[in-house]
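*Asks:* After the structure tokens below, expect a handful of questions from me.
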Amino acid sequence: MSVHKDIKRITTHTLQEFKEEGTKIAMLTAYDFSMAGLIDAAGIDVILVGDSASNVMAGHETTLPITLDQMIYHASSVVRGVSRALVVVDLPFGSYQGNSRLALESAIRIMKESGAHAVKMEGGSEIRESIERILTAGIPVMGHLGLTPQSIYKFGTYNVRAKEEAEAQKLIEDAMVLEKSGCFSIVVEKIPATLAKKVSETLVIPVIGIGAGPDVDGQVLVSHDMLGINKEFRPRFVRRYQELADLIHNAVAQYISDIKNKDFPNTKEMY
Ligand code: KIV
């Protein structure tokens, strides 16, 4: 297993090298200082400050409500906890769509106020102008195609995308547009594994999958899902590496019981 823990700092160039040498990229989300520090210390390559913070941190049903200020707060907390991973931050809904000038302003605020290393944006050819404008400021951009949760009300469901030929073809074309525009990588979410493989083989830049099968250049999951903090959310593509919800429940129940039974604090736990 190649974890490349010797690398001092992961950059967009490191990820390109990983693709070229066939080393898979490992990416997870984080939204706060403590979790980011733990994930970074374990050797993760990329930390995504995802707008999934809207769901898992704030309890919203969709990613739409989270604001640019809130994303910057999460991102600056994560950056303070990280010494090795590349930190990528989602541009939230309403901070870039349909307005390349606004997109540039939003991306600059994220970079300046959080200290993150790159931004991620959902969409294909329709956001090309925004991507190119952000790149003029020297800000690396990661794309995101397939299931793009900021467009949930257009799709109507969180089902697998691009199962039909026409949508699959459009996704490949969009992926090529993103690469030509200068994106350093793209995420493909919840698309058939055969299509994801084709995208990865077509593009020179790394393609990172979530619910997109094994034949891509890396994988990303929401940390709360793979650690079992969200008990109810169990889609097929999430592998649970822990059941933290149960561990936390048991620890808290024990704490309550110790207090009620006058067992905590004991003589060694006081001054
Ligand atoms: O916001 C997020 O967590 C994401 C991942 C699901 C890729 O965009």
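Note on naming: chains are A, B, ... as they come in the structure tokens, residues start from 1 per chain, ligands start from 1 in the order shown.
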Fewer than 6 positions away in the same chain doesn't count, so skip those; otherwise give me all residues within 10 Å of Asp51 of chain A, counting only C-alpha atoms, as an NGL selection string.

*Replies:* :A and (29 or 31 or 57 or 62-68 or 70-71 or 74 or 89-93 or 120 or 149-150)

*Asks:* As a list in words, please: all residues of segment 34-103 of chain A that backbone DSSP puts in strand (DSSP E or B).

*Replies:*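 Put together, the selection reads Val46, Ile47, Leu48, Val49, Leu86, Val87, Val88, Val89 and Asp90 of chain A.
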
*Asks:* Any chance you could export the current selection's N, CA, C and O atoms as a short mmCIF file (atom, residue, chain, number, x, y, z; two decimals), in the first residue's frame?

*Replies:*
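Saved as again11.cif:
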data_model
loop_
_atom_site.label_atom_id
_atom_site.label_comp_id
_atom_site.auth_asym_id
_atom_site.auth_seq_id
_atom_site.Cartn_x
_atom_site.Cartn_y
_atom_site.Cartn_z
N VAL A 46 -6.60 14.63 0.23
CA VAL A 46 -7.39 15.85 -0.01
C VAL A 46 -8.49 15.93 1.03
O VAL A 46 -9.18 14.94 1.30
N ILE A 47 -8.65 17.12 1.63
CA ILE A 47 -9.79 17.36 2.52
C ILE A 47 -10.72 18.32 1.81
O ILE A 47 -10.31 19.41 1.38
N LEU A 48 -11.97 17.88 1.66
CA LEU A 48 -12.98 18.73 1.04
C LEU A 48 -13.84 19.36 2.13
O LEU A 48 -14.46 18.65 2.92
N VAL A 49 -13.84 20.69 2.17
CA VAL A 49 -14.81 21.38 3.01
C VAL A 49 -16.06 21.47 2.15
O VAL A 49 -16.24 22.42 1.37
N LEU A 86 -4.24 18.64 0.81
CA LEU A 86 -4.73 19.76 0.00
C LEU A 86 -6.16 20.05 0.48
O LEU A 86 -6.97 19.14 0.58
N VAL A 87 -6.44 21.32 0.78
CA VAL A 87 -7.79 21.68 1.27
C VAL A 87 -8.58 22.37 0.15
O VAL A 87 -8.18 23.41 -0.35
N VAL A 88 -9.67 21.72 -0.22
CA VAL A 88 -10.54 22.21 -1.30
C VAL A 88 -11.87 22.63 -0.68
O VAL A 88 -12.41 21.90 0.17
N VAL A 89 -12.41 23.76 -1.10
CA VAL A 89 -13.63 24.28 -0.50
C VAL A 89 -14.73 24.44 -1.55
O VAL A 89 -14.49 25.00 -2.62
N ASP A 90 -15.92 23.95 -1.25
CA ASP A 90 -17.05 24.13 -2.16
C ASP A 90 -17.48 25.58 -2.22
O ASP A 90 -17.70 26.21 -1.17
#

*Asks:* I need the residue nearest ligand 1 from this list: A:Ser130, A:Gln219, A:Gln242, A:Gln169. Use only C-alpha atoms and all ligand atoms for the distance.

*Replies:*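 Checking each of A:Ser130, A:Gln219, A:Gln242, A:Gln169 against ligand 1, counting only C-alpha atoms and all ligand atoms, the winner is A:Gln219.
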
*Asks:* Ligand 1: which residues are within 9 Å, counting only C-alpha atoms and all ligand atoms? Reply as a count of residues only.

*Replies:* 31

*Asks:* Any chance you could list, as a VMD selection string, the residues in segment 92-197 of chain A that come up alpha helix (DSSP H) when DSSP is run on the backbone?

*Replies:* chain A and resid 100 to 114 128 to 136 152 to 155 165 to 181 193 to 197

*Asks:* Please, could you write that set of residues out with C-alpha atoms as a PDB file, in the first residue's frame?

*Replies:*
ATOM      1  CA  SER A 100     -18.506  34.986 -13.474  1.00  0.00           C
ATOM      2  CA  ARG A 101     -17.629  38.223 -11.682  1.00  0.00           C
ATOM      3  CA  LEU A 102     -19.469  37.081  -8.549  1.00  0.00           C
ATOM      4  CA  ALA A 103     -17.784  33.673  -8.929  1.00  0.00           C
ATOM      5  CA  LEU A 104     -14.348  35.295  -8.894  1.00  0.00           C
ATOM      6  CA  GLU A 105     -15.230  37.467  -5.886  1.00  0.00           C
ATOM      7  CA  SER A 106     -16.541  34.421  -3.984  1.00  0.00           C
ATOM      8  CA  ALA A 107     -13.471  32.314  -4.790  1.00  0.00           C
ATOM      9  CA  ILE A 108     -11.119  35.140  -3.767  1.00  0.00           C
ATOM     10  CA  ARG A 109     -12.966  35.540  -0.431  1.00  0.00           C
ATOM     11  CA  ILE A 110     -12.589  31.807   0.262  1.00  0.00           C
ATOM     12  CA  MET A 111      -8.862  31.803  -0.520  1.00  0.00           C
ATOM     13  CA  LYS A 112      -8.108  35.079   1.310  1.00  0.00           C
ATOM     14  CA  GLU A 113     -10.254  34.560   4.414  1.00  0.00           C
ATOM     15  CA  SER A 114      -9.783  30.800   4.973  1.00  0.00           C
ATOM     16  CA  ARG A 128     -17.113  27.538 -18.037  1.00  0.00           C
ATOM     17  CA  GLU A 129     -16.819  31.341 -17.999  1.00  0.00           C
ATOM     18  CA  SER A 130     -16.783  31.380 -14.172  1.00  0.00           C
ATOM     19  CA  ILE A 131     -14.089  28.694 -14.002  1.00  0.00           C
ATOM     20  CA  GLU A 132     -11.886  30.508 -16.495  1.00  0.00           C
ATOM     21  CA  ARG A 133     -12.299  33.810 -14.646  1.00  0.00           C
ATOM     22  CA  ILE A 134     -11.400  32.238 -11.291  1.00  0.00           C
ATOM     23  CA  LEU A 135      -8.340  30.649 -12.875  1.00  0.00           C
ATOM     24  CA  THR A 136      -7.141  34.089 -14.019  1.00  0.00           C
ATOM     25  CA  ILE A 152     -31.532  18.838  -6.589  1.00  0.00           C
ATOM     26  CA  TYR A 153     -34.722  20.730  -7.413  1.00  0.00           C
ATOM     27  CA  LYS A 154     -33.948  20.421 -11.141  1.00  0.00           C
ATOM     28  CA  PHE A 155     -33.256  16.650 -10.877  1.00  0.00           C
ATOM     29  CA  GLU A 165     -26.984   7.551 -23.371  1.00  0.00           C
ATOM     30  CA  ALA A 166     -27.768  11.237 -24.018  1.00  0.00           C
ATOM     31  CA  GLU A 167     -26.979  12.311 -20.439  1.00  0.00           C
ATOM     32  CA  ALA A 168     -23.864  10.097 -20.375  1.00  0.00           C
ATOM     33  CA  GLN A 169     -22.617  11.712 -23.611  1.00  0.00           C
ATOM     34  CA  LYS A 170     -23.292  15.210 -22.226  1.00  0.00           C
ATOM     35  CA  LEU A 171     -21.370  14.290 -19.041  1.00  0.00           C
ATOM     36  CA  ILE A 172     -18.312  13.193 -21.051  1.00  0.00           C
ATOM     37  CA  GLU A 173     -18.462  16.403 -23.090  1.00  0.00           C
ATOM     38  CA  ASP A 174     -18.776  18.483 -19.906  1.00  0.00           C
ATOM     39  CA  ALA A 175     -15.819  16.643 -18.370  1.00  0.00           C
ATOM     40  CA  MET A 176     -13.719  17.543 -21.423  1.00  0.00           C
ATOM     41  CA  VAL A 177     -14.870  21.178 -21.180  1.00  0.00           C
ATOM     42  CA  LEU A 178     -13.824  21.291 -17.513  1.00  0.00           C
ATOM     43  CA  GLU A 179     -10.409  19.861 -18.343  1.00  0.00           C
ATOM     44  CA  LYS A 180      -9.916  22.292 -21.258  1.00  0.00           C
ATOM     45  CA  SER A 181     -10.997  25.211 -19.035  1.00  0.00           C
ATOM     46  CA  ALA A 193     -19.159   2.702 -12.952  1.00  0.00           C
ATOM     47  CA  THR A 194     -18.637   2.075 -16.688  1.00  0.00           C
ATOM     48  CA  LEU A 195     -19.226   5.754 -17.470  1.00  0.00           C
ATOM     49  CA  ALA A 196     -16.903   6.897 -14.663  1.00  0.00           C
ATOM     50  CA  LYS A 197     -14.185   4.588 -16.039  1.00  0.00           C
TER      51      LYS A 197
END

*Asks:* If I take atom CA of Pro140 of chain A and atom CA of Arg161 of chain A, how far is one from the other in Å, to one decimal?

*Replies:*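 Going from atom CA of Pro140 of chain A over to atom CA of Arg161 of chain A covers 26.1 Å.
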
*Asks:* Restricting the calculation to only C-alpha atoms, which member of A:Pro265, A:Gly94, A:Pro235, A:Pro206 is positioned closest to Gln16 of chain A?

*Replies:*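 Closest to Gln16 of chain A, using only C-alpha atoms: A:Pro206.
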
*Asks:* Quick one: of A:Val56, A:Leu145, A:Ala41, A:Gln97, who's nearest to Glu126 of chain A, counting only C-alpha atoms?

*Replies:*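 The answer is A:Gln97, which sits nearest to Glu126 of chain A.
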
*Asks:* Which one of A:Gly43, A:Gly138, A:Phe33, A:Ser151 sits closest to Cys183 of chain A if you count only C-alpha atoms?

*Replies:*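 Among A:Gly43, A:Gly138, A:Phe33, A:Ser151, it is A:Gly138 that comes nearest to Cys183 of chain A.
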
*Asks:* Write out as a PDB file with C-alpha atoms, in the first residue's frame which residues come within 12 Å of Arg234 of chain A when counting only C-alpha atoms, dropping same-chain ones fewer than 4 positions away.

*Replies:*
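Result saved to part-v2.pdb:
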ATOM      1  CA  VAL A 222     -18.484  12.345   3.493  1.00  0.00           C
ATOM      2  CA  HIS A 224     -19.780  11.554   8.819  1.00  0.00           C
ATOM      3  CA  ASP A 225     -21.129   8.782   6.557  1.00  0.00           C
ATOM      4  CA  MET A 226     -18.040   6.533   6.553  1.00  0.00           C
ATOM      5  CA  LEU A 227     -17.545   6.982  10.302  1.00  0.00           C
ATOM      6  CA  GLY A 228     -21.161   6.090  11.032  1.00  0.00           C
ATOM      7  CA  ILE A 229     -22.105   9.388  12.652  1.00  0.00           C
ATOM      8  CA  ASN A 230     -25.237   9.564  10.466  1.00  0.00           C
ATOM      9  CA  VAL A 238     -20.917   4.280   1.508  1.00  0.00           C
ATOM     10  CA  ARG A 239     -18.653   1.781   3.270  1.00  0.00           C
ATOM     11  CA  ARG A 240     -18.931   2.167   7.057  1.00  0.00           C
ATOM     12  CA  GLU A 243     -20.181   3.055  14.006  1.00  0.00           C
TER      13      GLU A 243
END

*Asks:* Could you check the closest approach to Val207 of chain A for each of A:Ile259, A:Val119, A:Met35, A:Met142 and tell me which residue wins, using only C-alpha atoms?

*Replies:* A:Met142

*Asks:* Can you check which parts of segment 55-156 of chain A lie within 9 Å of segment 36-39 of chain A? Per residue, the shortest pair of atoms and distance in Å to one decimal, counting only C-alpha atoms, sorted by chain and number, as JSON lines.

*Replies:*
{"residue": "A:Ser77", "atom": "CA", "partner": "A:Ala36", "partner_atom": "CA", "distance": 8.4}
{"residue": "A:Val78", "atom": "CA", "partner": "A:Ala36", "partner_atom": "CA", "distance": 5.4}
{"residue": "A:Val79", "atom": "CA", "partner": "A:Ala36", "partner_atom": "CA", "distance": 7.8}
{"residue": "A:Arg80", "atom": "CA", "partner": "A:Gly37", "partner_atom": "CA", "distance": 8.3}
{"residue": "A:Gly81", "atom": "CA", "partner": "A:Gly37", "partner_atom": "CA", "distance": 4.5}
{"residue": "A:Val82", "atom": "CA", "partner": "A:Gly37", "partner_atom": "CA", "distance": 5.4}
{"residue": "A:Ser83", "atom": "CA", "partner": "A:Gly37", "partner_atom": "CA", "distance": 8.1}
{"residue": "A:Ala85", "atom": "CA", "partner": "A:Ile39", "partner_atom": "CA", "distance": 9.0}

*Asks:* Save the residues we just selected, all heavy atoms, as a PDB file, in the first residue's frame?

*Replies:*
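Result saved to again-v1.pdb:
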ATOM      1  N   SER A  77     -11.517  26.976   9.846  1.00  0.00           N
ATOM      2  CA  SER A  77     -11.317  26.041  10.969  1.00  0.00           C
ATOM      3  C   SER A  77     -10.536  24.822  10.495  1.00  0.00           C
ATOM      4  O   SER A  77      -9.614  24.349  11.170  1.00  0.00           O
ATOM      5  CB  SER A  77     -12.667  25.586  11.535  1.00  0.00           C
ATOM      6  OG  SER A  77     -13.476  26.681  11.846  1.00  0.00           O
ATOM      7  N   VAL A  78     -10.902  24.293   9.332  1.00  0.00           N
ATOM      8  CA  VAL A  78     -10.225  23.111   8.779  1.00  0.00           C
ATOM      9  C   VAL A  78      -8.760  23.436   8.474  1.00  0.00           C
ATOM     10  O   VAL A  78      -7.849  22.676   8.853  1.00  0.00           O
ATOM     11  CB  VAL A  78     -10.950  22.620   7.498  1.00  0.00           C
ATOM     12  CG1 VAL A  78     -10.089  21.651   6.698  1.00  0.00           C
ATOM     13  CG2 VAL A  78     -12.287  21.979   7.874  1.00  0.00           C
ATOM     14  N   VAL A  79      -8.520  24.556   7.829  1.00  0.00           N
ATOM     15  CA  VAL A  79      -7.147  24.912   7.435  1.00  0.00           C
ATOM     16  C   VAL A  79      -6.225  24.955   8.664  1.00  0.00           C
ATOM     17  O   VAL A  79      -5.087  24.491   8.609  1.00  0.00           O
ATOM     18  CB  VAL A  79      -7.133  26.259   6.663  1.00  0.00           C
ATOM     19  CG1 VAL A  79      -5.719  26.811   6.534  1.00  0.00           C
ATOM     20  CG2 VAL A  79      -7.765  26.074   5.283  1.00  0.00           C
ATOM     21  N   ARG A  80      -6.741  25.447   9.790  1.00  0.00           N
ATOM     22  CA  ARG A  80      -5.912  25.529  11.003  1.00  0.00           C
ATOM     23  C   ARG A  80      -5.541  24.154  11.540  1.00  0.00           C
ATOM     24  O   ARG A  80      -4.562  24.004  12.243  1.00  0.00           O
ATOM     25  CB  ARG A  80      -6.626  26.350  12.085  1.00  0.00           C
ATOM     26  CG  ARG A  80      -6.592  27.851  11.823  1.00  0.00           C
ATOM     27  CD  ARG A  80      -7.057  28.665  13.037  1.00  0.00           C
ATOM     28  NE  ARG A  80      -8.489  28.562  13.266  1.00  0.00           N
ATOM     29  CZ  ARG A  80      -9.404  29.305  12.668  1.00  0.00           C
ATOM     30  NH1 ARG A  80      -9.048  30.242  11.804  1.00  0.00           N
ATOM     31  NH2 ARG A  80     -10.689  29.144  12.933  1.00  0.00           N
ATOM     32  N   GLY A  81      -6.308  23.115  11.154  1.00  0.00           N
ATOM     33  CA  GLY A  81      -6.021  21.768  11.654  1.00  0.00           C
ATOM     34  C   GLY A  81      -5.179  20.916  10.732  1.00  0.00           C
ATOM     35  O   GLY A  81      -4.856  19.778  11.065  1.00  0.00           O
ATOM     36  N   VAL A  82      -4.839  21.446   9.551  1.00  0.00           N
ATOM     37  CA  VAL A  82      -4.226  20.613   8.506  1.00  0.00           C
ATOM     38  C   VAL A  82      -2.794  21.038   8.222  1.00  0.00           C
ATOM     39  O   VAL A  82      -2.507  22.223   8.099  1.00  0.00           O
ATOM     40  CB  VAL A  82      -5.070  20.730   7.209  1.00  0.00           C
ATOM     41  CG1 VAL A  82      -4.355  20.126   6.008  1.00  0.00           C
ATOM     42  CG2 VAL A  82      -6.410  20.048   7.408  1.00  0.00           C
ATOM     43  N   SER A  83      -1.888  20.038   8.115  1.00  0.00           N
ATOM     44  CA  SER A  83      -0.513  20.405   7.727  1.00  0.00           C
ATOM     45  C   SER A  83      -0.078  19.724   6.437  1.00  0.00           C
ATOM     46  O   SER A  83       0.896  20.141   5.828  1.00  0.00           O
ATOM     47  CB  SER A  83       0.461  20.086   8.854  1.00  0.00           C
ATOM     48  OG  SER A  83       0.391  18.726   9.178  1.00  0.00           O
ATOM     49  N   ALA A  85      -2.563  17.756   3.927  1.00  0.00           N
ATOM     50  CA  ALA A  85      -3.545  17.562   2.847  1.00  0.00           C
ATOM     51  C   ALA A  85      -3.794  18.843   2.050  1.00  0.00           C
ATOM     52  O   ALA A  85      -3.587  19.950   2.548  1.00  0.00           O
ATOM     53  CB  ALA A  85      -4.862  17.076   3.447  1.00  0.00           C
TER      54      ALA A  85
END

*Asks:* Where does segment 175-270 of chain A meet segment 157-160 of chain A within 9 Å, residue by residue, with the nearest atom pair and distance in Å to one decimal for each, counting only C-alpha atoms, listed by chain and rising number, as a Markdown table?

*Replies:*
| residue | atom | partner | partner_atom | distance |
| --- | --- | --- | --- | --- |
| A:Glu189 | CA | A:Val160 | CA | 8.4 |
| A:Lys190 | CA | A:Val160 | CA | 5.1 |
| A:Ile191 | CA | A:Val160 | CA | 5.5 |
| A:Pro192 | CA | A:Val160 | CA | 7.3 |
| A:Gly211 | CA | A:Val160 | CA | 8.6 |

*Asks:* Determine the nearest neighbour of Val204 of chain A from the options A:Ala162, A:Ala26, A:Ile186, A:Ile127, counting only C-alpha atoms.

*Replies:*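 For Val204 of chain A, the nearest of the candidates is A:Ile186.
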